[in-house]
Amino acid sequence: MSMEEKQNSQTSLDFNQNVFKPSTREEIVEIVKNCFKKNIPLEINGLKSKNKIGRNFQSEKTLDLSNYSGVIEYKPEELYIKVKAGTPIKEIVEQLDKNNQQLAFEPNDFGYLFNGESNSGSIGGVVSCNFAGSRRFKVGSVRDHVLGFQGLNGKGETIKSGGTVVKNVTGYDLSKLLSGSFGTLSILTELSIKVLPKPETSKTLIINNPHLKKALSYLGQSLSSSTDPSGGVFYPDYFGKNFILNDLTYEGGLTAVRIEGPTISVDQRIDSLSKELGLLSQEISILDTEQSNIFWNRTKNLEVFKNLKSNLLRIVVPISETLQVIQKLKSNDVNYFIDWGGSLVWMAFNEINTKILNETKQIVKKHHGYYTIIKIEEDLKASADIFTIDPIKYKISEKIKRSFDPKRIFNPGKMYTGI
Amino acid sequence: MSILQMPKVDEVVLSKKDKIVSDLKEIINSKNVLHHLDELRPFETDALTAYRKMPLVVVMPETVDEVSKILKYCNENKVKVVPRGAGTGLSGGSLPLEDCVLMAMGKFNKIIEIDYENRCVVTQPCVTNLAITHAVQDKGFYYAPDPSSQIACSIGGNVAENSGGVHSLKYGATTNNLLGIEVVLMDGTITRFGGKAMDAEGYDFLGLMTGSEGLLGVITEVTVKILKSPEIVKAALIGFPTIEDAGNCVAEIIAKGCIPAGCEIMDKALTKATNDYSKAGYPTDAEAIMIIEFDGTEHEVEAYIQKVKEIAEKNNSSSLKVNKSKEERLKFWAGRKAAFPACGVLAPDYMCMDGSIPRGKLAEVLNEITRLSKKYDLPVANAFHAGDGNLHPLIMFDANDKESLRKCEEFGADILKYCVKVGGALTGEHGVGIEKRELMCEAFNDKDIQQQLTIKVALDPNSLLNPGKVYPILRKCAEEGRVHVHGGKTKFPDIPRF
């Protein structure tokens, strides 16, 4: 730290303010140490794209990390980028674009859902929530792309794990544990993220088909074929009009399968997949790279739920259970689409109450899955379980929480009461 | 055998051996409790054979309930437990302790379910890695992580060590191919993390358990994802006049967006040993050879191989051969797979190191290894999972000569320290175990290690499950001035040390 920075960090920190907006690591350490000493619970924010997800909780102060931002090191040939936690995903993507690389896990952009416009959030937030996009079944989740991190525990001590190399089994894999912990265990300050080359070509096979059962069968067959798809979604009839593209004039329900790689092989694979699925030429459209990217961006951005007024659940089940789960839940007033080749269902409930929620939870659980409430009416939020957990895992989670954050000052209660 | 400090032997436990044996015989079938010296002998070491220790007793449970009861009993009676799968680990993770119950999971050897619809296999932990692929290959599927010991190593051990293999650049290591586990904690609690639905919510205990080297729980069931076998596989065997050229070539191939399924580099010493041993037919004039493999559809693989040819020529390749038949491709790999035994012929013993480095530092690290080889006067040969920067130097020594073993240990430690120095890691896929335990202070500071230890303590407050592994024993570290001890007091007096 330069002298100038040191002076800033000493002068800019006013503990009477309710929102801390540190721009140096030293400031963050000072804030956490103080909060630990004085038992002050902190709400941790990045770019607030997902801060409405999770339980409401009492916090005295807010730690806003949006100023702790910037690329620390980007090594395209080593396939990693090291950034400060508040760095916007948008900025990272722009950097990667210059080298024709990408974040292969396609993080969801929740901005459209909550505010009607893009806000892809910060890398710290994306890792903390671990919501991966359509390539999930092929490339893994967000956590699978976190090579290492540096952060602070609840005492303000610096902790780290992993590094910048892909293969590393030195000690416990804390990067995984912190991914998806919604800021309840540690404040992430620096992250090393694996990046991958963009495919030369990306094309999408669209099957004009309004039927759920048929769609799931197409998706299942595609994912079990050797054509190596990297995305598989189903949009029912009512969403068809959201995808008017040059090569897609059909406005009904559709099943889409994305194929990526060297141009010559993409064409060959699309061809063999169409044959394998027994499709006739009038039933299909093929999107070129540009249109394909638009299509999958809309999916990643949950654009069919732009400005959603009602409630949204993110339901994950084994593919074999999806059909039954949806058939059972369809008796409610719902709109949904399916991602992850059949195992992720984004379902909007136009009407919801405790009874519907409980029934939904039972149905999903019976089919070996789980749900997360992404958006819910305020008056229900306090009483609803946003995340589900069983008593044994709750007990273990409590112990793990204590081992990182003994005074429960990081996002206390955001995931579960008492954690 | 080297003198390696292990946790203090509990004399009370030793003195109660007969009682412990008879109690265990009440819990499980008495035939599955082994306690005579000749019965214990096969369990005295794993694949890190330089270290040996006889356990107090060996138990071979048959059900998860038995595992739970044994752990609960040991927890209540403060008896240490060391879990063991197939015993193929290279870092000594299953090395017994004199006062431990060694829990051998060998009877958990059945595949429970093959689920093609969800593309996964549910299996008991002591099924071998390769057996999973064998069980699904008739339908054109396979399990991707392929550690070199895959014919013998167990899937539970793979989870414990987060094993990789030659294909991990493209397909990831165990952690990226694992969907769920059933695990028993030290207090006997049986629970499941993950399952057929991806990314179970809440804290990622599945990720935490993977690679935790048997310190946090005993794995009793594993669910892994299976992949459709690629249409075709093609490999190229390329010779280079210098290691630098080979290293640059890999870096450029990857930077250009070609992600190979596997990419191995061997240095001249290893190439020669392999040629002599297995008649691999590798080019003898090259300072380094590379085997690079692509899989996918025919057009895709052709496109990648063409690109590799261009990049290799640009990087001064001296020879390049693309396989014409499956047999020829397998022959390329046969040499690589025989590389380790080939070193076994050159010296009475060899120690296989496992550092991870940034790809771009390959030449620098190999030059340093050459320098160290001269300094310690021990020959070394190098194999390298070049795609993901995982280096396996094979140090040749004589385990019966104490001085030779000591030199080998120091040589290995110097290599790993250098890996960390250039931005890499102490271990890419073999785990820390006892082998690299004292080096943890090179990669982590006191606070990092303490944070990890608090997790251990949260799940196993008495530090009874596989103690002495992964984390340095305080005394040793403090002696070497690595762990900060102030005024004779440790930072966290409430945390037991192991």
# chains A, B, ... in the order shown; residues from 1 in each chain; ligands from 1
$ residues_around --residues "range 119-128 of chain A" --least-positions-apart "6" --cutoff "6 Å" --atoms "only C-alpha atoms" --output "ChimeraX atom specification"
/A:46-47,49,85-89,109,111,179-183
$ write_last_selection --atoms "C-alpha atoms" --output "tab-separated table (two decimals), in the first residue's frame"
chain	number	residue	atom	x	y	z
A	46	GLY	CA	-21.42	-6.06	-4.32
A	47	LEU	CA	-23.47	-4.57	-7.14
A	49	SER	CA	-27.96	-7.58	-8.47
A	85	ALA	CA	-14.23	-9.21	-5.53
A	86	GLY	CA	-16.24	-6.09	-6.41
A	87	THR	CA	-15.22	-6.22	-10.08
A	88	PRO	CA	-18.30	-6.17	-12.33
A	89	ILE	CA	-18.85	-9.29	-14.41
A	109	ASP	CA	-28.04	-11.89	-14.94
A	111	GLY	CA	-31.05	-7.50	-13.30
A	179	SER	CA	-19.08	-20.65	-3.32
A	180	GLY	CA	-22.80	-20.53	-2.72
A	181	SER	CA	-22.46	-19.52	0.94
A	182	PHE	CA	-24.19	-16.17	0.28
A	183	GLY	CA	-21.57	-14.19	2.16
$ residues_around --residues "Pro379 in chain B" --least-positions-apart "2" --cutoff "10 Å" --atoms "only C-alpha atoms" --output "list in words"
Ala269, Cys343, Leu346, Ala347, Tyr350, Thr370, Leu372, Ser373, Lys374, Tyr376, Asp377, Ala381, Leu394, Ile395, Met396, Phe397 and Cys408 of chain B
$ residues_around --residues "range 16-30 of chain B" --least-positions-apart "4" --cutoff "10 Å" --atoms "only C-alpha atoms" --output "list in words"
Glu11, Val12, Leu34, His35, Leu56, Val57, Val58, Val59, Met60, Pro61, Glu62, Thr63, Asp65, Glu66, Val67, Lys69, Ile70, Tyr73, Cys74, Asn77, Val79, Asp99 and Val101 of chain B
$ write_last_selection --atoms "C-alpha atoms" --output "PDB file, in the first residue's frame"
ATOM      1  CA  GLU B  11      -0.494 -45.573  25.808  1.00  0.00           C
ATOM      2  CA  VAL B  12      -3.901 -46.110  27.409  1.00  0.00           C
ATOM      3  CA  LEU B  34      -8.149 -58.432  12.427  1.00  0.00           C
ATOM      4  CA  HIS B  35      -5.646 -58.117  15.224  1.00  0.00           C
ATOM      5  CA  LEU B  56      -3.551 -51.607  16.498  1.00  0.00           C
ATOM      6  CA  VAL B  57      -6.422 -53.421  14.847  1.00  0.00           C
ATOM      7  CA  VAL B  58      -8.051 -53.567  11.395  1.00  0.00           C
ATOM      8  CA  VAL B  59     -11.829 -53.533  10.962  1.00  0.00           C
ATOM      9  CA  MET B  60     -13.603 -54.355   7.725  1.00  0.00           C
ATOM     10  CA  PRO B  61     -17.187 -53.095   8.053  1.00  0.00           C
ATOM     11  CA  GLU B  62     -19.847 -54.296   5.624  1.00  0.00           C
ATOM     12  CA  THR B  63     -22.618 -51.741   6.064  1.00  0.00           C
ATOM     13  CA  ASP B  65     -24.504 -48.799  10.068  1.00  0.00           C
ATOM     14  CA  GLU B  66     -21.397 -50.734  11.049  1.00  0.00           C
ATOM     15  CA  VAL B  67     -19.199 -47.829   9.960  1.00  0.00           C
ATOM     16  CA  LYS B  69     -21.225 -47.725  15.120  1.00  0.00           C
ATOM     17  CA  ILE B  70     -17.460 -48.210  14.931  1.00  0.00           C
ATOM     18  CA  TYR B  73     -17.450 -46.261  19.619  1.00  0.00           C
ATOM     19  CA  CYS B  74     -13.998 -44.908  18.752  1.00  0.00           C
ATOM     20  CA  ASN B  77     -13.410 -44.080  23.691  1.00  0.00           C
ATOM     21  CA  VAL B  79      -9.482 -44.146  19.737  1.00  0.00           C
ATOM     22  CA  ASP B  99      -2.738 -46.804  18.315  1.00  0.00           C
ATOM     23  CA  VAL B 101      -8.269 -48.659  14.328  1.00  0.00           C
TER      24      VAL B 101
END
$ select_by_dssp --residues "range 300-418 of chain B" --states "helix (DSSP H, G or I)" --output "PDB file with N, CA and C atoms, in the first residue's frame"
ATOM      1  N   GLU B 300     -14.131 -32.491 -35.923  1.00  0.00           N
ATOM      2  CA  GLU B 300     -13.605 -31.666 -34.834  1.00  0.00           C
ATOM      3  C   GLU B 300     -12.155 -32.057 -34.530  1.00  0.00           C
ATOM      4  N   VAL B 301     -11.936 -33.360 -34.379  1.00  0.00           N
ATOM      5  CA  VAL B 301     -10.610 -33.845 -34.032  1.00  0.00           C
ATOM      6  C   VAL B 301      -9.615 -33.535 -35.149  1.00  0.00           C
ATOM      7  N   GLU B 302     -10.047 -33.731 -36.408  1.00  0.00           N
ATOM      8  CA  GLU B 302      -9.171 -33.412 -37.545  1.00  0.00           C
ATOM      9  C   GLU B 302      -8.766 -31.947 -37.513  1.00  0.00           C
ATOM     10  N   ALA B 303      -9.740 -31.084 -37.223  1.00  0.00           N
ATOM     11  CA  ALA B 303      -9.466 -29.649 -37.211  1.00  0.00           C
ATOM     12  C   ALA B 303      -8.423 -29.313 -36.140  1.00  0.00           C
ATOM     13  N   TYR B 304      -8.556 -29.936 -34.969  1.00  0.00           N
ATOM     14  CA  TYR B 304      -7.600 -29.662 -33.888  1.00  0.00           C
ATOM     15  C   TYR B 304      -6.205 -30.199 -34.220  1.00  0.00           C
ATOM     16  N   ILE B 305      -6.164 -31.399 -34.758  1.00  0.00           N
ATOM     17  CA  ILE B 305      -4.859 -32.001 -35.071  1.00  0.00           C
ATOM     18  C   ILE B 305      -4.119 -31.137 -36.104  1.00  0.00           C
ATOM     19  N   GLN B 306      -4.870 -30.625 -37.077  1.00  0.00           N
ATOM     20  CA  GLN B 306      -4.271 -29.763 -38.095  1.00  0.00           C
ATOM     21  C   GLN B 306      -3.654 -28.530 -37.448  1.00  0.00           C
ATOM     22  N   LYS B 307      -4.395 -27.949 -36.514  1.00  0.00           N
ATOM     23  CA  LYS B 307      -3.905 -26.753 -35.815  1.00  0.00           C
ATOM     24  C   LYS B 307      -2.638 -27.075 -35.017  1.00  0.00           C
ATOM     25  N   VAL B 308      -2.656 -28.227 -34.367  1.00  0.00           N
ATOM     26  CA  VAL B 308      -1.495 -28.632 -33.570  1.00  0.00           C
ATOM     27  C   VAL B 308      -0.273 -28.800 -34.456  1.00  0.00           C
ATOM     28  N   LYS B 309      -0.460 -29.387 -35.647  1.00  0.00           N
ATOM     29  CA  LYS B 309       0.669 -29.563 -36.571  1.00  0.00           C
ATOM     30  C   LYS B 309       1.315 -28.221 -36.875  1.00  0.00           C
ATOM     31  N   GLU B 310       0.458 -27.228 -37.171  1.00  0.00           N
ATOM     32  CA  GLU B 310       0.989 -25.903 -37.517  1.00  0.00           C
ATOM     33  C   GLU B 310       1.752 -25.285 -36.341  1.00  0.00           C
ATOM     34  N   ILE B 311       1.149 -25.390 -35.161  1.00  0.00           N
ATOM     35  CA  ILE B 311       1.767 -24.759 -33.987  1.00  0.00           C
ATOM     36  C   ILE B 311       3.071 -25.476 -33.617  1.00  0.00           C
ATOM     37  N   ALA B 312       3.086 -26.807 -33.750  1.00  0.00           N
ATOM     38  CA  ALA B 312       4.288 -27.584 -33.419  1.00  0.00           C
ATOM     39  C   ALA B 312       5.431 -27.204 -34.353  1.00  0.00           C
ATOM     40  N   GLU B 313       5.130 -27.085 -35.648  1.00  0.00           N
ATOM     41  CA  GLU B 313       6.181 -26.709 -36.608  1.00  0.00           C
ATOM     42  C   GLU B 313       6.754 -25.347 -36.274  1.00  0.00           C
ATOM     43  N   LYS B 314       5.847 -24.442 -35.937  1.00  0.00           N
ATOM     44  CA  LYS B 314       6.274 -23.086 -35.568  1.00  0.00           C
ATOM     45  C   LYS B 314       7.192 -23.115 -34.341  1.00  0.00           C
ATOM     46  N   LYS B 326      -6.010 -47.389 -33.938  1.00  0.00           N
ATOM     47  CA  LYS B 326      -6.188 -47.358 -32.480  1.00  0.00           C
ATOM     48  C   LYS B 326      -4.964 -47.978 -31.791  1.00  0.00           C
ATOM     49  N   GLU B 327      -4.442 -49.046 -32.408  1.00  0.00           N
ATOM     50  CA  GLU B 327      -3.301 -49.747 -31.819  1.00  0.00           C
ATOM     51  C   GLU B 327      -2.111 -48.797 -31.684  1.00  0.00           C
ATOM     52  N   GLU B 328      -1.926 -48.005 -32.750  1.00  0.00           N
ATOM     53  CA  GLU B 328      -0.784 -47.094 -32.729  1.00  0.00           C
ATOM     54  C   GLU B 328      -0.954 -46.038 -31.631  1.00  0.00           C
ATOM     55  N   ARG B 329      -2.191 -45.563 -31.477  1.00  0.00           N
ATOM     56  CA  ARG B 329      -2.450 -44.557 -30.433  1.00  0.00           C
ATOM     57  C   ARG B 329      -2.190 -45.153 -29.043  1.00  0.00           C
ATOM     58  N   LEU B 330      -2.660 -46.376 -28.867  1.00  0.00           N
ATOM     59  CA  LEU B 330      -2.450 -47.019 -27.572  1.00  0.00           C
ATOM     60  C   LEU B 330      -0.966 -47.246 -27.303  1.00  0.00           C
ATOM     61  N   LYS B 331      -0.209 -47.456 -28.410  1.00  0.00           N
ATOM     62  CA  LYS B 331       1.234 -47.650 -28.249  1.00  0.00           C
ATOM     63  C   LYS B 331       1.907 -46.345 -27.778  1.00  0.00           C
ATOM     64  N   PHE B 332       1.428 -45.217 -28.320  1.00  0.00           N
ATOM     65  CA  PHE B 332       1.954 -43.924 -27.836  1.00  0.00           C
ATOM     66  C   PHE B 332       1.814 -43.855 -26.315  1.00  0.00           C
ATOM     67  N   TRP B 333       0.607 -44.239 -25.859  1.00  0.00           N
ATOM     68  CA  TRP B 333       0.312 -44.121 -24.426  1.00  0.00           C
ATOM     69  C   TRP B 333       0.981 -45.206 -23.602  1.00  0.00           C
ATOM     70  N   ALA B 334       1.167 -46.392 -24.222  1.00  0.00           N
ATOM     71  CA  ALA B 334       1.752 -47.508 -23.473  1.00  0.00           C
ATOM     72  C   ALA B 334       3.107 -47.105 -22.907  1.00  0.00           C
ATOM     73  N   GLY B 335       3.868 -46.372 -23.704  1.00  0.00           N
ATOM     74  CA  GLY B 335       5.179 -45.913 -23.247  1.00  0.00           C
ATOM     75  C   GLY B 335       5.039 -45.003 -22.047  1.00  0.00           C
ATOM     76  N   ARG B 336       4.121 -44.061 -22.164  1.00  0.00           N
ATOM     77  CA  ARG B 336       3.927 -43.109 -21.056  1.00  0.00           C
ATOM     78  C   ARG B 336       3.492 -43.845 -19.784  1.00  0.00           C
ATOM     79  N   LYS B 337       2.605 -44.826 -19.995  1.00  0.00           N
ATOM     80  CA  LYS B 337       2.103 -45.539 -18.823  1.00  0.00           C
ATOM     81  C   LYS B 337       3.170 -46.443 -18.203  1.00  0.00           C
ATOM     82  N   ALA B 339       6.210 -45.525 -17.980  1.00  0.00           N
ATOM     83  CA  ALA B 339       7.311 -44.647 -17.584  1.00  0.00           C
ATOM     84  C   ALA B 339       7.728 -44.861 -16.132  1.00  0.00           C
ATOM     85  N   PHE B 340       6.750 -45.024 -15.260  1.00  0.00           N
ATOM     86  CA  PHE B 340       7.094 -45.176 -13.847  1.00  0.00           C
ATOM     87  C   PHE B 340       7.822 -46.495 -13.584  1.00  0.00           C
ATOM     88  N   PRO B 341       7.241 -47.620 -14.039  1.00  0.00           N
ATOM     89  CA  PRO B 341       8.001 -48.857 -13.842  1.00  0.00           C
ATOM     90  C   PRO B 341       9.369 -48.827 -14.514  1.00  0.00           C
ATOM     91  N   ALA B 342       9.480 -48.079 -15.607  1.00  0.00           N
ATOM     92  CA  ALA B 342      10.779 -48.001 -16.284  1.00  0.00           C
ATOM     93  C   ALA B 342      11.819 -47.399 -15.351  1.00  0.00           C
ATOM     94  N   CYS B 343      11.399 -46.429 -14.538  1.00  0.00           N
ATOM     95  CA  CYS B 343      12.320 -45.833 -13.571  1.00  0.00           C
ATOM     96  C   CYS B 343      12.663 -46.833 -12.470  1.00  0.00           C
ATOM     97  N   GLY B 344      11.712 -47.710 -12.201  1.00  0.00           N
ATOM     98  CA  GLY B 344      11.924 -48.728 -11.190  1.00  0.00           C
ATOM     99  C   GLY B 344      13.087 -49.639 -11.546  1.00  0.00           C
ATOM    100  N   VAL B 345      13.361 -49.777 -12.852  1.00  0.00           N
ATOM    101  CA  VAL B 345      14.468 -50.623 -13.292  1.00  0.00           C
ATOM    102  C   VAL B 345      15.801 -49.903 -13.102  1.00  0.00           C
ATOM    103  N   LEU B 346      15.760 -48.572 -13.202  1.00  0.00           N
ATOM    104  CA  LEU B 346      16.998 -47.790 -13.143  1.00  0.00           C
ATOM    105  C   LEU B 346      17.557 -47.651 -11.728  1.00  0.00           C
ATOM    106  N   ARG B 359       1.702 -23.338 -16.624  1.00  0.00           N
ATOM    107  CA  ARG B 359       2.267 -23.972 -17.819  1.00  0.00           C
ATOM    108  C   ARG B 359       3.503 -23.252 -18.339  1.00  0.00           C
ATOM    109  N   GLY B 360       3.448 -21.923 -18.295  1.00  0.00           N
ATOM    110  CA  GLY B 360       4.533 -21.106 -18.844  1.00  0.00           C
ATOM    111  C   GLY B 360       5.848 -21.247 -18.095  1.00  0.00           C
ATOM    112  N   LYS B 361       5.825 -21.855 -16.913  1.00  0.00           N
ATOM    113  CA  LYS B 361       7.049 -21.950 -16.108  1.00  0.00           C
ATOM    114  C   LYS B 361       7.734 -23.303 -16.263  1.00  0.00           C
ATOM    115  N   LEU B 362       7.254 -24.128 -17.185  1.00  0.00           N
ATOM    116  CA  LEU B 362       7.783 -25.488 -17.307  1.00  0.00           C
ATOM    117  C   LEU B 362       9.301 -25.519 -17.466  1.00  0.00           C
ATOM    118  N   ALA B 363       9.815 -24.745 -18.438  1.00  0.00           N
ATOM    119  CA  ALA B 363      11.251 -24.803 -18.712  1.00  0.00           C
ATOM    120  C   ALA B 363      12.043 -24.359 -17.484  1.00  0.00           C
ATOM    121  N   GLU B 364      11.593 -23.288 -16.860  1.00  0.00           N
ATOM    122  CA  GLU B 364      12.285 -22.761 -15.677  1.00  0.00           C
ATOM    123  C   GLU B 364      12.330 -23.814 -14.560  1.00  0.00           C
ATOM    124  N   VAL B 365      11.201 -24.454 -14.326  1.00  0.00           N
ATOM    125  CA  VAL B 365      11.147 -25.431 -13.237  1.00  0.00           C
ATOM    126  C   VAL B 365      12.009 -26.654 -13.570  1.00  0.00           C
ATOM    127  N   LEU B 366      11.982 -27.084 -14.831  1.00  0.00           N
ATOM    128  CA  LEU B 366      12.792 -28.253 -15.192  1.00  0.00           C
ATOM    129  C   LEU B 366      14.283 -27.946 -15.083  1.00  0.00           C
ATOM    130  N   ASN B 367      14.671 -26.723 -15.424  1.00  0.00           N
ATOM    131  CA  ASN B 367      16.076 -26.346 -15.264  1.00  0.00           C
ATOM    132  C   ASN B 367      16.479 -26.392 -13.792  1.00  0.00           C
ATOM    133  N   GLU B 368      15.586 -25.942 -12.940  1.00  0.00           N
ATOM    134  CA  GLU B 368      15.868 -25.956 -11.508  1.00  0.00           C
ATOM    135  C   GLU B 368      15.981 -27.415 -11.013  1.00  0.00           C
ATOM    136  N   ILE B 369      15.113 -28.268 -11.527  1.00  0.00           N
ATOM    137  CA  ILE B 369      15.172 -29.676 -11.113  1.00  0.00           C
ATOM    138  C   ILE B 369      16.506 -30.299 -11.531  1.00  0.00           C
ATOM    139  N   THR B 370      16.955 -29.954 -12.725  1.00  0.00           N
ATOM    140  CA  THR B 370      18.247 -30.463 -13.199  1.00  0.00           C
ATOM    141  C   THR B 370      19.366 -30.013 -12.257  1.00  0.00           C
ATOM    142  N   ARG B 371      19.292 -28.745 -11.863  1.00  0.00           N
ATOM    143  CA  ARG B 371      20.306 -28.202 -10.954  1.00  0.00           C
ATOM    144  C   ARG B 371      20.279 -28.962  -9.615  1.00  0.00           C
ATOM    145  N   LEU B 372      19.074 -29.173  -9.107  1.00  0.00           N
ATOM    146  CA  LEU B 372      18.941 -29.859  -7.815  1.00  0.00           C
ATOM    147  C   LEU B 372      19.410 -31.310  -7.899  1.00  0.00           C
ATOM    148  N   SER B 373      19.167 -31.917  -9.063  1.00  0.00           N
ATOM    149  CA  SER B 373      19.574 -33.307  -9.265  1.00  0.00           C
ATOM    150  C   SER B 373      21.091 -33.433  -9.106  1.00  0.00           C
ATOM    151  N   LYS B 374      21.799 -32.445  -9.651  1.00  0.00           N
ATOM    152  CA  LYS B 374      23.268 -32.446  -9.514  1.00  0.00           C
ATOM    153  C   LYS B 374      23.646 -32.198  -8.057  1.00  0.00           C
ATOM    154  N   LYS B 375      22.948 -31.251  -7.432  1.00  0.00           N
ATOM    155  CA  LYS B 375      23.276 -30.882  -6.048  1.00  0.00           C
ATOM    156  C   LYS B 375      23.125 -32.091  -5.114  1.00  0.00           C
ATOM    157  N   TYR B 376      22.043 -32.838  -5.292  1.00  0.00           N
ATOM    158  CA  TYR B 376      21.789 -33.967  -4.386  1.00  0.00           C
ATOM    159  C   TYR B 376      22.385 -35.271  -4.896  1.00  0.00           C
ATOM    160  N   ALA B 386       1.073 -31.813 -19.140  1.00  0.00           N
ATOM    161  CA  ALA B 386       1.386 -30.447 -19.574  1.00  0.00           C
ATOM    162  C   ALA B 386       0.150 -29.574 -19.700  1.00  0.00           C
ATOM    163  N   GLY B 387      -0.958 -30.176 -20.059  1.00  0.00           N
ATOM    164  CA  GLY B 387      -2.165 -29.385 -20.267  1.00  0.00           C
ATOM    165  C   GLY B 387      -2.568 -28.617 -19.026  1.00  0.00           C
ATOM    166  N   ASP B 388      -2.461 -29.264 -17.878  1.00  0.00           N
ATOM    167  CA  ASP B 388      -2.896 -28.572 -16.671  1.00  0.00           C
ATOM    168  C   ASP B 388      -1.761 -28.290 -15.699  1.00  0.00           C
ATOM    169  N   LYS B 402      19.712 -44.953   4.344  1.00  0.00           N
ATOM    170  CA  LYS B 402      19.059 -43.847   5.042  1.00  0.00           C
ATOM    171  C   LYS B 402      19.454 -42.492   4.476  1.00  0.00           C
ATOM    172  N   GLU B 403      20.725 -42.371   4.145  1.00  0.00           N
ATOM    173  CA  GLU B 403      21.228 -41.103   3.625  1.00  0.00           C
ATOM    174  C   GLU B 403      20.580 -40.791   2.276  1.00  0.00           C
ATOM    175  N   SER B 404      20.420 -41.846   1.466  1.00  0.00           N
ATOM    176  CA  SER B 404      19.809 -41.677   0.145  1.00  0.00           C
ATOM    177  C   SER B 404      18.342 -41.238   0.297  1.00  0.00           C
ATOM    178  N   LEU B 405      17.637 -41.828   1.240  1.00  0.00           N
ATOM    179  CA  LEU B 405      16.237 -41.455   1.465  1.00  0.00           C
ATOM    180  C   LEU B 405      16.147 -40.017   1.964  1.00  0.00           C
ATOM    181  N   ARG B 406      17.068 -39.663   2.867  1.00  0.00           N
ATOM    182  CA  ARG B 406      17.048 -38.301   3.398  1.00  0.00           C
ATOM    183  C   ARG B 406      17.268 -37.293   2.265  1.00  0.00           C
ATOM    184  N   LYS B 407      18.246 -37.598   1.412  1.00  0.00           N
ATOM    185  CA  LYS B 407      18.543 -36.696   0.295  1.00  0.00           C
ATOM    186  C   LYS B 407      17.333 -36.590  -0.639  1.00  0.00           C
ATOM    187  N   CYS B 408      16.711 -37.742  -0.870  1.00  0.00           N
ATOM    188  CA  CYS B 408      15.554 -37.776  -1.761  1.00  0.00           C
ATOM    189  C   CYS B 408      14.423 -36.900  -1.196  1.00  0.00           C
ATOM    190  N   GLU B 409      14.177 -37.021   0.112  1.00  0.00           N
ATOM    191  CA  GLU B 409      13.122 -36.220   0.739  1.00  0.00           C
ATOM    192  C   GLU B 409      13.420 -34.731   0.600  1.00  0.00           C
ATOM    193  N   GLU B 410      14.679 -34.377   0.822  1.00  0.00           N
ATOM    194  CA  GLU B 410      15.050 -32.954   0.727  1.00  0.00           C
ATOM    195  C   GLU B 410      14.941 -32.445  -0.700  1.00  0.00           C
ATOM    196  N   PHE B 411      15.396 -33.275  -1.632  1.00  0.00           N
ATOM    197  CA  PHE B 411      15.324 -32.942  -3.060  1.00  0.00           C
ATOM    198  C   PHE B 411      13.852 -32.699  -3.431  1.00  0.00           C
ATOM    199  N   GLY B 412      13.006 -33.639  -3.035  1.00  0.00           N
ATOM    200  CA  GLY B 412      11.577 -33.512  -3.340  1.00  0.00           C
ATOM    201  C   GLY B 412      10.993 -32.246  -2.741  1.00  0.00           C
ATOM    202  N   ALA B 413      11.368 -31.971  -1.499  1.00  0.00           N
ATOM    203  CA  ALA B 413      10.835 -30.784  -0.830  1.00  0.00           C
ATOM    204  C   ALA B 413      11.280 -29.518  -1.559  1.00  0.00           C
ATOM    205  N   ASP B 414      12.554 -29.525  -2.011  1.00  0.00           N
ATOM    206  CA  ASP B 414      13.049 -28.342  -2.735  1.00  0.00           C
ATOM    207  C   ASP B 414      12.277 -28.130  -4.037  1.00  0.00           C
ATOM    208  N   ILE B 415      11.954 -29.222  -4.717  1.00  0.00           N
ATOM    209  CA  ILE B 415      11.191 -29.098  -5.970  1.00  0.00           C
ATOM    210  C   ILE B 415       9.830 -28.471  -5.669  1.00  0.00           C
ATOM    211  N   LEU B 416       9.171 -28.988  -4.641  1.00  0.00           N
ATOM    212  CA  LEU B 416       7.815 -28.505  -4.344  1.00  0.00           C
ATOM    213  C   LEU B 416       7.838 -27.046  -3.885  1.00  0.00           C
ATOM    214  N   LYS B 417       8.852 -26.692  -3.111  1.00  0.00           N
ATOM    215  CA  LYS B 417       8.960 -25.295  -2.691  1.00  0.00           C
ATOM    216  C   LYS B 417       9.112 -24.400  -3.921  1.00  0.00           C
ATOM    217  N   TYR B 418       9.890 -24.892  -4.884  1.00  0.00           N
ATOM    218  CA  TYR B 418      10.083 -24.097  -6.103  1.00  0.00           C
ATOM    219  C   TYR B 418       8.766 -23.964  -6.869  1.00  0.00           C
TER     220      TYR B 418
END
$ interface_residues --of "chain A" --to "chain B" --cutoff "6 Å" --atoms "only C-alpha atoms" --output "MDAnalysis selection string"
chainID A and resid 77 159 167:170 172:173 176:177 181 197 226 265 317:319 369 399 403
$ select_by_dssp --residues "range 113-261 of chain B" --states "strand (DSSP E)" --output "PyMOL selection string"
chain B and resi 113-115+120-123+141-142+178-184+190-194+218-225+227-228+232-240
